[in-house]
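Quick look at target_12.pdb (PDB, C-alpha atoms):
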```pdb
ATOM      1  CA  MET A   8     -46.878  57.328 -26.274
ATOM      2  CA  LEU A   9     -49.982  55.461 -27.396
ATOM      3  CA  LEU A  10     -47.876  52.337 -27.983
ATOM      4  CA  ALA A  11     -46.315  52.616 -24.536
ATOM      5  CA  THR A  12     -49.708  52.969 -22.903
ATOM      6  CA  GLY A  13     -51.131  50.029 -24.821
ATOM      7  CA  SER A  14     -48.181  47.764 -24.010
ATOM      8  CA  GLY A  15     -48.336  48.754 -20.364
ATOM      9  CA  LEU A  16     -52.045  47.923 -20.292
ATOM     10  CA  LEU A  17     -51.386  44.504 -21.823
ATOM     11  CA  LEU A  18     -48.712  43.746 -19.234
ATOM     12  CA  SER A  19     -50.964  44.917 -16.404
ATOM     13  CA  CYS A  20     -53.753  42.637 -17.592
ATOM     14  CA  ALA A  21     -51.270  39.768 -17.853
ATOM     15  CA  CYS A  22     -50.093  40.319 -14.280
ATOM     16  CA  ILE A  23     -53.723  40.285 -13.083
ATOM     17  CA  GLY A  24     -54.039  36.980 -14.904
ATOM     18  CA  TYR A  25     -51.183  35.539 -12.821
ATOM     19  CA  ALA A  26     -53.027  35.891  -9.565
ATOM     20  CA  GLY A  27     -56.272  34.600 -11.009
ATOM     21  CA  SER A  28     -55.103  31.401 -12.739
ATOM     22  CA  ALA A  29     -51.795  29.772 -13.564
ATOM     23  CA  ARG A  30     -49.711  31.399 -10.830
ATOM     24  CA  ALA A  31     -52.280  31.549  -8.056
ATOM     25  CA  GLU A  32     -49.565  30.527  -5.620
ATOM     26  CA  ALA A  33     -47.673  33.807  -6.209
ATOM     27  CA  SER A  34     -48.078  36.436  -3.536
ATOM     28  CA  ALA A  35     -49.648  39.812  -4.209
ATOM     29  CA  THR A  36     -46.259  41.390  -3.497
ATOM     30  CA  ASP A  37     -44.606  39.309  -6.251
ATOM     31  CA  VAL A  38     -47.334  40.170  -8.736
ATOM     32  CA  ALA A  39     -47.059  43.883  -7.973
ATOM     33  CA  ALA A  40     -43.245  43.815  -8.202
ATOM     34  CA  ALA A  41     -43.282  41.983 -11.535
ATOM     35  CA  ARG A  42     -45.881  44.378 -12.928
ATOM     36  CA  SER A  43     -43.853  47.415 -11.830
ATOM     37  CA  LEU A  44     -40.598  46.091 -13.329
ATOM     38  CA  GLY A  45     -42.344  45.157 -16.565
ATOM     39  CA  GLN A  46     -43.948  48.560 -16.955
ATOM     40  CA  GLU A  47     -40.618  50.319 -16.284
ATOM     41  CA  GLY A  48     -38.959  48.063 -18.849
ATOM     42  CA  ILE A  49     -41.620  48.872 -21.449
ATOM     43  CA  ALA A  50     -41.173  52.588 -20.863
ATOM     44  CA  LEU A  51     -37.402  52.312 -21.327
ATOM     45  CA  ALA A  52     -37.737  50.112 -24.411
ATOM     46  CA  ASN A  53     -40.131  52.615 -26.004
ATOM     47  CA  GLN A  54     -37.517  55.311 -25.396
ATOM     48  CA  GLY A  55     -34.916  53.232 -27.231
ATOM     49  CA  LYS A  56     -33.073  52.312 -24.009
ATOM     50  CA  CYS A  57     -33.110  48.575 -24.582
ATOM     51  CA  LYS A  58     -29.904  47.921 -22.632
ATOM     52  CA  GLU A  59     -31.525  49.133 -19.414
ATOM     53  CA  ALA A  60     -34.871  47.566 -20.313
ATOM     54  CA  ILE A  61     -33.342  44.089 -20.772
ATOM     55  CA  GLU A  62     -32.214  44.001 -17.137
ATOM     56  CA  LEU A  63     -35.709  44.971 -15.915
ATOM     57  CA  PHE A  64     -37.461  42.356 -18.080
ATOM     58  CA  GLU A  65     -35.052  39.649 -16.833
ATOM     59  CA  ARG A  66     -35.698  40.625 -13.206
ATOM     60  CA  ALA A  67     -39.461  40.628 -13.750
ATOM     61  CA  GLU A  68     -39.283  37.159 -15.325
ATOM     62  CA  LYS A  69     -37.289  35.809 -12.358
ATOM     63  CA  ILE A  70     -39.987  37.007  -9.983
ATOM     64  CA  LEU A  71     -42.934  35.815 -12.054
ATOM     65  CA  HIS A  72     -42.956  34.092 -15.438
ATOM     66  CA  ALA A  73     -45.067  35.659 -18.178
ATOM     67  CA  PRO A  74     -44.950  35.352 -21.981
ATOM     68  CA  THR A  75     -45.239  39.151 -22.126
ATOM     69  CA  HIS A  76     -41.889  39.458 -20.333
ATOM     70  CA  LEU A  77     -40.250  37.005 -22.716
ATOM     71  CA  PHE A  78     -41.509  38.781 -25.841
ATOM     72  CA  ARG A  79     -40.362  42.259 -24.798
ATOM     73  CA  LEU A  80     -37.043  40.820 -23.564
ATOM     74  CA  ALA A  81     -36.387  39.069 -26.901
ATOM     75  CA  GLU A  82     -37.510  42.131 -28.841
ATOM     76  CA  CYS A  83     -34.930  44.290 -27.053
ATOM     77  CA  MET A  84     -32.194  41.688 -27.517
ATOM     78  CA  VAL A  85     -32.820  41.621 -31.249
ATOM     79  CA  LYS A  86     -32.722  45.442 -31.421
ATOM     80  CA  MET A  87     -29.359  45.356 -29.548
ATOM     81  CA  GLY A  88     -27.919  42.919 -32.117
ATOM     82  CA  ARG A  89     -27.978  39.977 -29.701
ATOM     83  CA  LEU A  90     -29.721  37.736 -32.199
ATOM     84  CA  VAL A  91     -28.533  34.410 -30.771
ATOM     85  CA  GLU A  92     -29.875  35.163 -27.280
ATOM     86  CA  GLY A  93     -33.019  36.772 -28.676
ATOM     87  CA  THR A  94     -33.936  33.778 -30.854
ATOM     88  CA  GLU A  95     -33.397  31.395 -27.923
ATOM     89  CA  VAL A  96     -35.824  33.422 -25.793
ATOM     90  CA  LEU A  97     -38.300  33.470 -28.667
ATOM     91  CA  ASN A  98     -38.000  29.696 -29.102
ATOM     92  CA  ARG A  99     -38.813  29.276 -25.407
ATOM     93  CA  LEU A 100     -41.809  31.583 -25.830
ATOM     94  CA  VAL A 101     -43.361  29.939 -28.902
ATOM     95  CA  ARG A 102     -42.853  26.398 -27.548
ATOM     96  CA  GLU A 103     -44.720  27.130 -24.333
ATOM     97  CA  THR A 104     -48.156  25.509 -24.085
ATOM     98  CA  LEU A 105     -50.637  28.075 -22.837
ATOM     99  CA  ALA A 106     -53.710  27.140 -20.826
ATOM    100  CA  ALA A 107     -57.087  27.428 -22.529
ATOM    101  CA  ASN A 108     -58.021  30.263 -20.182
ATOM    102  CA  ALA A 109     -54.676  32.098 -20.540
ATOM    103  CA  PRO A 110     -54.949  35.918 -20.700
ATOM    104  CA  ALA A 111     -55.284  37.443 -24.152
ATOM    105  CA  ALA A 112     -52.005  39.322 -23.556
ATOM    106  CA  PHE A 113     -50.187  35.981 -23.204
ATOM    107  CA  LYS A 114     -51.626  34.666 -26.467
ATOM    108  CA  SER A 115     -50.823  37.914 -28.247
ATOM    109  CA  ALA A 116     -47.228  37.853 -26.970
ATOM    110  CA  GLN A 117     -46.809  34.287 -28.251
ATOM    111  CA  GLU A 118     -48.189  35.167 -31.689
ATOM    112  CA  ARG A 119     -45.981  38.261 -31.961
ATOM    113  CA  GLY A 120     -43.019  36.178 -30.797
ATOM    114  CA  GLN A 121     -43.631  33.637 -33.565
ATOM    115  CA  ALA A 122     -43.625  36.421 -36.165
ATOM    116  CA  LEU A 123     -40.456  38.001 -34.736
ATOM    117  CA  LEU A 124     -38.685  34.616 -34.671
ATOM    118  CA  ALA A 125     -39.545  34.043 -38.329
ATOM    119  CA  ARG A 126     -37.989  37.406 -39.221
ATOM    120  CA  THR A 127     -34.914  37.112 -36.989
ATOM    121  CA  GLN A 128     -33.725  33.520 -37.380
ATOM    122  CA  PRO A 129     -32.685  33.916 -41.043
ATOM    123  CA  ARG A 130     -30.467  36.863 -40.036
ATOM    124  CA  LEU A 131     -28.210  34.696 -37.840
ATOM    125  CA  ALA A 132     -24.620  34.320 -38.989
ATOM    126  CA  LYS A 133     -22.454  31.181 -38.747
ATOM    127  CA  LEU A 134     -18.995  31.076 -37.167
ATOM    128  CA  ARG A 135     -16.456  28.246 -37.248
ATOM    129  CA  ILE A 136     -13.524  28.319 -34.791
ATOM    130  CA  ASN A 137     -10.469  26.153 -35.478
ATOM    131  CA  VAL A 138      -7.756  25.646 -32.844
ATOM    132  CA  ALA A 139      -4.359  23.997 -33.389
ATOM    133  CA  GLY A 140      -1.589  23.234 -30.917
ATOM    134  CA  PRO A 141      -3.008  21.625 -27.773
ATOM    135  CA  GLY A 142      -3.837  17.945 -27.789
ATOM    136  CA  ARG A 143      -7.322  16.527 -27.448
ATOM    137  CA  ASP A 144      -6.873  15.990 -23.697
ATOM    138  CA  VAL A 145      -6.115  19.691 -23.027
ATOM    139  CA  ALA A 146      -9.010  21.761 -21.686
ATOM    140  CA  LEU A 147      -9.738  24.783 -23.861
ATOM    141  CA  THR A 148     -11.428  28.012 -22.778
ATOM    142  CA  VAL A 149     -13.251  29.744 -25.627
ATOM    143  CA  THR A 150     -15.053  33.090 -25.538
ATOM    144  CA  ILE A 151     -16.820  35.222 -28.137
ATOM    145  CA  ASP A 152     -16.966  38.891 -27.156
ATOM    146  CA  GLY A 153     -16.135  37.846 -23.596
ATOM    147  CA  ARG A 154     -19.003  35.343 -23.350
ATOM    148  CA  SER A 155     -17.977  31.721 -22.758
ATOM    149  CA  VAL A 156     -18.927  29.098 -25.325
ATOM    150  CA  SER A 157     -18.492  25.352 -25.127
ATOM    151  CA  SER A 158     -15.207  23.945 -26.404
ATOM    152  CA  ALA A 159     -17.305  21.189 -28.002
ATOM    153  CA  THR A 160     -18.127  23.688 -30.763
ATOM    154  CA  ILE A 161     -14.483  23.794 -31.909
ATOM    155  CA  GLY A 162     -14.264  22.841 -35.559
ATOM    156  CA  VAL A 163     -17.997  23.117 -36.289
ATOM    157  CA  SER A 164     -20.171  26.032 -37.378
ATOM    158  CA  GLN A 165     -22.258  27.629 -34.644
ATOM    159  CA  PRO A 166     -24.852  30.438 -34.701
ATOM    160  CA  ALA A 167     -23.348  33.864 -34.067
ATOM    161  CA  ASP A 168     -24.440  37.497 -33.995
ATOM    162  CA  PRO A 169     -23.681  39.528 -37.137
ATOM    163  CA  GLY A 170     -21.052  42.245 -36.795
ATOM    164  CA  GLU A 171     -17.474  42.368 -35.574
ATOM    165  CA  ARG A 172     -16.775  39.511 -33.164
ATOM    166  CA  THR A 173     -13.687  38.926 -30.991
ATOM    167  CA  VAL A 174     -12.715  35.285 -30.437
ATOM    168  CA  GLU A 175     -10.316  34.338 -27.626
ATOM    169  CA  VAL A 176      -8.911  30.866 -26.889
ATOM    170  CA  SER A 177      -6.662  29.781 -24.009
ATOM    171  CA  ALA A 178      -5.383  26.514 -22.565
ATOM    172  CA  PRO A 179      -3.160  25.515 -19.612
ATOM    173  CA  GLY A 180       0.511  25.668 -20.578
ATOM    174  CA  PHE A 181      -0.133  27.683 -23.764
ATOM    175  CA  LEU A 182      -0.133  31.359 -24.657
ATOM    176  CA  PRO A 183      -3.670  32.716 -25.254
ATOM    177  CA  LYS A 184      -4.636  33.859 -28.733
ATOM    178  CA  SER A 185      -7.393  36.110 -30.034
ATOM    179  CA  ALA A 186      -8.663  37.240 -33.394
ATOM    180  CA  LYS A 187     -11.406  39.444 -34.800
ATOM    181  CA  VAL A 188     -13.853  38.502 -37.514
ATOM    182  CA  THR A 189     -16.688  40.469 -39.154
ATOM    183  CA  LEU A 190     -19.845  38.513 -39.858
ATOM    184  CA  THR A 191     -22.633  39.639 -42.140
ATOM    185  CA  GLU A 192     -26.283  38.817 -41.590
ATOM    186  CA  ALA A 193     -26.975  35.258 -42.805
ATOM    187  CA  GLY A 194     -23.266  35.044 -43.666
ATOM    188  CA  ALA A 195     -20.530  32.659 -42.512
ATOM    189  CA  GLY A 196     -17.057  33.265 -41.139
ATOM    190  CA  GLU A 197     -14.094  31.273 -39.860
ATOM    191  CA  VAL A 198     -11.334  31.895 -37.343
ATOM    192  CA  SER A 199      -8.206  29.713 -37.074
ATOM    193  CA  LEU A 200      -5.929  30.072 -34.046
ATOM    194  CA  SER A 201      -2.711  28.202 -33.338
ATOM    195  CA  LEU A 202      -1.692  28.132 -29.668
ATOM    196  CA  GLU A 203       2.004  28.102 -28.801
ATOM    197  CA  PRO A 204       3.502  26.647 -25.598
ATOM    198  CA  ASP A 205       4.039  29.177 -22.832
ATOM    199  CA  PRO A 206       7.800  29.340 -22.075
ATOM    200  CA  ASN A 207       7.028  30.568 -18.549
ATOM    201  CA  ALA A 208       4.590  27.774 -17.771
ATOM    202  CA  GLU A 209       5.440  25.494 -14.867
ATOM    203  CA  LYS A 210       7.690  22.685 -16.034
ATOM    204  CA  VAL A 211       6.935  19.056 -15.333
ATOM    205  CA  PRO A 212       9.708  17.726 -13.025
ATOM    206  CA  ALA A 213      12.124  15.351 -14.711
ATOM    207  CA  VAL A 214      12.201  11.715 -13.705
ATOM    208  CA  ALA A 215      15.027  11.047 -11.197
ATOM    209  CA  ALA A 216      17.915   8.876 -12.426
ATOM    210  CA  THR A 217      18.052   5.272 -11.257
ATOM    211  CA  PRO A 218      20.614   4.929  -8.405
ATOM    212  CA  ALA A 219      23.628   2.660  -8.908
ATOM    213  CA  VAL A 220      23.573  -0.859  -7.461
ATOM    214  CA  SER A 221      25.403  -1.106  -4.128
ATOM    215  CA  ASP A 222      26.828  -4.106  -2.254
ATOM    216  CA  ALA A 223      25.067  -2.972   0.924
ATOM    217  CA  PRO A 224      22.166  -5.215   1.930
ATOM    218  CA  VAL A 225      18.814  -3.981   0.783
ATOM    219  CA  LYS A 226      16.459  -3.727   3.713
ATOM    220  CA  PRO A 227      12.824  -3.553   2.754
ATOM    221  CA  PRO A 228      10.421  -1.689   5.029
ATOM    222  CA  PRO A 229       9.645  -3.656   8.160
ATOM    223  CA  PRO A 230       6.462  -5.675   7.775
ATOM    224  CA  PRO A 231       3.592  -4.950  10.101
ATOM    225  CA  GLU A 232       3.677  -6.897  13.329
ATOM    226  CA  ALA A 233       1.367  -9.853  13.474
ATOM    227  CA  THR A 234      -0.183 -11.208  16.638
ATOM    228  CA  THR A 235      -0.870 -14.876  17.342
ATOM    229  CA  ALA A 236      -2.753 -16.343  20.252
ATOM    230  CA  VAL A 237      -0.920 -18.605  22.761
ATOM    231  CA  ARG A 238      -3.239 -21.627  22.797
ATOM    232  CA  TRP A 239      -1.118 -24.554  23.995
ATOM    233  CA  PRO A 240      -2.151 -24.237  27.694
ATOM    234  CA  GLY A 241      -5.781 -24.559  26.635
ATOM    235  CA  TYR A 242      -5.115 -27.638  24.546
ATOM    236  CA  LEU A 243      -3.115 -29.184  27.413
ATOM    237  CA  ALA A 244      -5.947 -28.600  29.860
ATOM    238  CA  LEU A 245      -8.426 -30.116  27.408
ATOM    239  CA  GLY A 246      -6.181 -33.191  27.143
ATOM    240  CA  VAL A 247      -6.066 -33.592  30.906
ATOM    241  CA  GLY A 248      -9.832 -33.175  31.022
ATOM    242  CA  ALA A 249     -10.354 -35.859  28.382
ATOM    243  CA  VAL A 250      -8.090 -38.318  30.241
ATOM    244  CA  GLY A 251      -9.833 -37.603  33.547
ATOM    245  CA  LEU A 252     -13.306 -38.050  32.129
ATOM    246  CA  GLY A 253     -12.251 -41.254  30.367
ATOM    247  CA  ALA A 254     -10.714 -42.696  33.537
ATOM    248  CA  GLY A 255     -13.781 -41.705  35.528
ATOM    249  CA  ALA A 256     -15.981 -43.522  33.056
ATOM    250  CA  VAL A 257     -13.837 -46.701  33.259
ATOM    251  CA  PHE A 258     -13.809 -46.805  37.068
ATOM    252  CA  GLY A 259     -17.510 -46.010  37.078
ATOM    253  CA  LEU A 260     -18.254 -49.036  34.913
ATOM    254  CA  VAL A 261     -16.117 -51.218  37.210
ATOM    255  CA  ALA A 262     -17.977 -49.901  40.247
ATOM    256  CA  MET A 263     -21.352 -50.537  38.599
ATOM    257  CA  SER A 264     -20.302 -54.137  37.823
ATOM    258  CA  LYS A 265     -19.200 -54.800  41.417
ATOM    259  CA  ARG A 266     -22.405 -53.307  42.802
ATOM    260  CA  SER A 267     -24.442 -55.570  40.547
ATOM    261  CA  ASP A 268     -22.679 -58.617  42.032
ATOM    262  CA  LEU A 269     -23.203 -57.357  45.574
ATOM    263  CA  ASP A 270     -26.902 -56.721  44.935
ATOM    264  CA  GLN A 271     -27.344 -60.419  44.153
ATOM    265  CA  ASP A 272     -25.753 -61.534  47.466
ATOM    266  CA  CYS A 273     -26.986 -58.808  49.767
ATOM    267  CA  ARG A 274     -30.719 -58.934  50.598
ATOM    268  CA  GLU A 275     -32.474 -56.078  52.295
ATOM    269  CA  LYS A 276     -29.111 -54.294  52.620
ATOM    270  CA  VAL A 277     -27.643 -57.116  54.673
ATOM    271  CA  CYS A 278     -24.551 -58.771  53.274
ATOM    272  CA  PRO A 279     -23.394 -62.241  54.317
ATOM    273  CA  VAL A 280     -20.053 -62.879  55.951
ATOM    274  CA  GLY A 281     -17.123 -62.885  53.487
ATOM    275  CA  THR A 282     -18.350 -60.009  51.268
ATOM    276  CA  GLU A 283     -16.474 -57.263  53.176
ATOM    277  CA  SER A 284     -13.543 -57.191  50.733
ATOM    278  CA  ARG A 285     -15.855 -57.029  47.739
ATOM    279  CA  LEU A 286     -17.817 -54.189  49.330
ATOM    280  CA  SER A 287     -14.589 -52.278  50.054
ATOM    281  CA  SER A 288     -13.416 -52.745  46.456
ATOM    282  CA  PHE A 289     -16.742 -51.414  45.165
ATOM    283  CA  ARG A 290     -16.511 -48.300  47.292
ATOM    284  CA  THR A 291     -12.911 -47.669  46.218
ATOM    285  CA  SER A 292     -13.832 -47.913  42.519
ATOM    286  CA  ALA A 293     -16.764 -45.550  43.008
ATOM    287  CA  ASP A 294     -14.632 -43.003  44.853
ATOM    288  CA  VAL A 295     -11.865 -43.147  42.246
ATOM    289  CA  SER A 296     -14.451 -42.669  39.445
ATOM    290  CA  THR A 297     -15.881 -39.604  41.193
ATOM    291  CA  VAL A 298     -12.423 -38.068  41.640
ATOM    292  CA  PHE A 299     -11.522 -38.593  37.959
ATOM    293  CA  PHE A 300     -14.858 -37.140  36.825
ATOM    294  CA  VAL A 301     -14.335 -34.038  38.969
ATOM    295  CA  VAL A 302     -10.749 -33.523  37.813
ATOM    296  CA  GLY A 303     -11.628 -34.167  34.171
ATOM    297  CA  GLY A 304     -14.587 -31.769  34.261
ATOM    298  CA  VAL A 305     -12.575 -28.977  35.862
ATOM    299  CA  ALA A 306      -9.723 -29.436  33.360
ATOM    300  CA  ALA A 307     -12.102 -29.427  30.394
ATOM    301  CA  VAL A 308     -13.743 -26.175  31.539
ATOM    302  CA  ALA A 309     -10.313 -24.626  32.135
ATOM    303  CA  GLY A 310      -9.147 -25.671  28.639
ATOM    304  CA  VAL A 311     -12.143 -24.090  26.905
ATOM    305  CA  THR A 312     -11.661 -20.889  28.925
ATOM    306  CA  LEU A 313      -7.970 -20.693  28.032
ATOM    307  CA  LEU A 314      -8.699 -21.148  24.332
ATOM    308  CA  ILE A 315     -11.298 -18.366  24.330
ATOM    309  CA  PHE A 316      -9.198 -15.895  26.299
ATOM    310  CA  ALA A 317      -5.781 -16.948  24.978
ATOM    311  CA  PRO A 318      -3.091 -14.215  25.468
ATOM    312  CA  GLN A 319      -1.681 -12.556  22.317
ATOM    313  CA  ARG A 320       1.962 -12.830  21.264
ATOM    314  CA  ARG A 321       3.614 -10.534  18.717
ATOM    315  CA  THR A 322       5.168 -12.203  15.695
ATOM    316  CA  THR A 323       7.398 -10.373  13.231
ATOM    317  CA  VAL A 324       9.357 -11.635  10.247
ATOM    318  CA  GLY A 325      12.034  -9.636   8.446
ATOM    319  CA  LEU A 326      13.922 -10.317   5.207
ATOM    320  CA  SER A 327      17.317  -8.831   4.376
ATOM    321  CA  LEU A 328      18.766  -9.226   0.879
ATOM    322  CA  GLY A 329      22.246  -8.481  -0.392
ATOM    323  CA  PRO A 330      24.146  -9.163  -3.599
ATOM    324  CA  ARG A 331      25.765 -12.280  -2.069
ATOM    325  CA  SER A 332      23.693 -13.027   1.023
ATOM    326  CA  ALA A 333      20.181 -13.299   2.381
ATOM    327  CA  SER A 334      18.863 -13.637   5.912
ATOM    328  CA  VAL A 335      15.538 -13.996   7.691
ATOM    329  CA  GLN A 336      14.947 -12.561  11.145
ATOM    330  CA  GLY A 337      11.897 -12.783  13.327
ATOM    331  CA  THR A 338      10.411 -12.887  16.778
ATOM    332  CA  PHE A 339       7.911 -15.524  17.797
TER     333      PHE A 339
END
```

This entry written out as structure tokens:
Amino acid sequence: MLLATGSGLLLSCACIGYAGSARAEASATDVAAARSLGQEGIALANQGKCKEAIELFERAEKILHAPTHLFRLAECMVKMGRLVEGTEVLNRLVRETLAANAPAAFKSAQERGQALLARTQPRLAKLRINVAGPGRDVALTVTIDGRSVSSATIGVSQPADPGERTVEVSAPGFLPKSAKVTLTEAGAGEVSLSLEPDPNAEKVPAVAATPAVSDAPVKPPPPPEATTAVRWPGYLALGVGAVGLGAGAVFGLVAMSKRSDLDQDCREKVCPVGTESRLSSFRTSADVSTVFFVVGGVAAVAGVTLLIFAPQRRTTVGLSLGPRSASVQGTF
């Protein structure tokens, strides 16, 4: 009873330390809940009810971390024969760096954890599991006493709890196997299991036979339809535009030449007698140049527009092959 009271006092002091330093962000409700769970766990552990106490210590640690939780949790695990789990908790405890102003209960729990780890670690047994049958690419499921372990440990020694252990191995497409082994403290044991194919496992479908060659033409799947733009009207309009602009330029040069001659003979816009035919020819050339320029410009604009907004036409090509013939079909 004195031990229970002392341990409970240490845990209570530790929980007060939470709120005052390292875990100042924890709420008062969390601190109170962790303290209550820890004290209940201590009471159960002191009564020898470590199985129930372990659950309470784990719940208290989830709410609020404290080295005192970890020590009592590991202590109960060791008493229950769960040496592997207990030593892992103790390793976590002793490796933790405590603040300079950490509560005395935290420092005491770490020191006691170091002593318990030194006593417990040499008691661990070693277990080697060998599995034959499945290939390397087959996923194995391995359990020890119902607890999963990594398949990467197959073929190598791993820490194990002393006592009678049940090893089970299963794999897809194979019958599961299990075996029991008794391990002594600090001793070593080995289990070898050979998995056999499961006759009721789902069979892989056989590859279909290659069909015989036939004289009928082989028609491959129709290719996707392609679309091409109809651009020839645009190019035609551009050609007309180029011709019109060229002709307009030629007649314009002719008109400019005739006007230059008339400017030399006509003074103050008065032309002498005999220049009427030359004046008429000048005007005709100028008019023809204007008409060609207008037609050429309109055609050029129309050609560019047709090329940009060219209508689409579907184009398909099909190939048919036979033992003695071949044909190509298409729409353009």

Excluding Gly170 (chain A) and residues on its chain fewer than 3 positions from it, collect all residues at most 12 Å away from it, counting only C-alpha atoms, and give them as a ChimeraX atom specification.
-> /A:87-90,130-134,151-152,167,173,187-196

Name the residues that the PyMOL selection byres ((chain A and resi 285-295) around 9) pulls out of this structure, and write them as a compact mmCIF listing (two decimals) with C-alpha atoms, keeping the file's coordinate frame.
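Output (out.txt):
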```
# COMPACT_ATOMS: atom_id res chain seq x y z
CA ALA A 254 -10.71 -42.70 33.54
CA GLY A 255 -13.78 -41.70 35.53
CA PHE A 258 -13.81 -46.80 37.07
CA GLY A 259 -17.51 -46.01 37.08
CA LEU A 260 -18.25 -49.04 34.91
CA VAL A 261 -16.12 -51.22 37.21
CA ALA A 262 -17.98 -49.90 40.25
CA MET A 263 -21.35 -50.54 38.60
CA SER A 264 -20.30 -54.14 37.82
CA LYS A 265 -19.20 -54.80 41.42
CA ARG A 266 -22.40 -53.31 42.80
CA LEU A 269 -23.20 -57.36 45.57
CA GLY A 281 -17.12 -62.88 53.49
CA THR A 282 -18.35 -60.01 51.27
CA GLU A 283 -16.47 -57.26 53.18
CA SER A 284 -13.54 -57.19 50.73
CA SER A 296 -14.45 -42.67 39.44
CA THR A 297 -15.88 -39.60 41.19
CA VAL A 298 -12.42 -38.07 41.64
CA PHE A 299 -11.52 -38.59 37.96
CA PHE A 300 -14.86 -37.14 36.83
```

Contacts of Ala40 (chain A) at 12 Å or less, counting all atoms listed in the file, minus same-chain residues fewer than 2 places along, as a PyMOL selection string?
-> chain A and resi 19+22+33-38+42-47+63-64+66-71

Output as AutoDock Vina command-line options the centre and edge lengths (Å, one decimal) of the box along x, y and z of the file that holds every listed atom of region 289-305 of chain A after adding 5 Å on each side.
```
--center_x -13.8 --center_y -40.2 --center_z 40.7 --size_x 16.0 --size_y 32.4 --size_z 23.1
```

One decimal, Å: what's the distance from CA of Val101 (chain A) over to CA of Gln121 (chain A), could you say?
->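 About the pair CA of Val101 (chain A) and CA of Gln121 (chain A): they are 6.0 Å apart.
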
Could you list the residues chosen by the PyMOL selection byres ((chain A and resi 141) around 12) in this structure as a ChimeraX atom specification?
-> /A:137-140,142-148,176-183,200-205

In Å, how far is it from CA of Val302 (chain A) to CA of Val247 (chain A)?
-> 8.3 Å

Can you list, as a ChimeraX atom specification, the residues that the PyMOL selection byres ((chain A and resi 79) around 9) selects here?
-> /A:45,48-49,52,60-61,64,74-78,80-84,116,120

Atom-to-atom span, CA of Gly310 (chain A) and CA of Ala249 (chain A), Å |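 Taking CA of Gly310 (chain A) and CA of Ala249 (chain A), their separation equals 10.3 Å.
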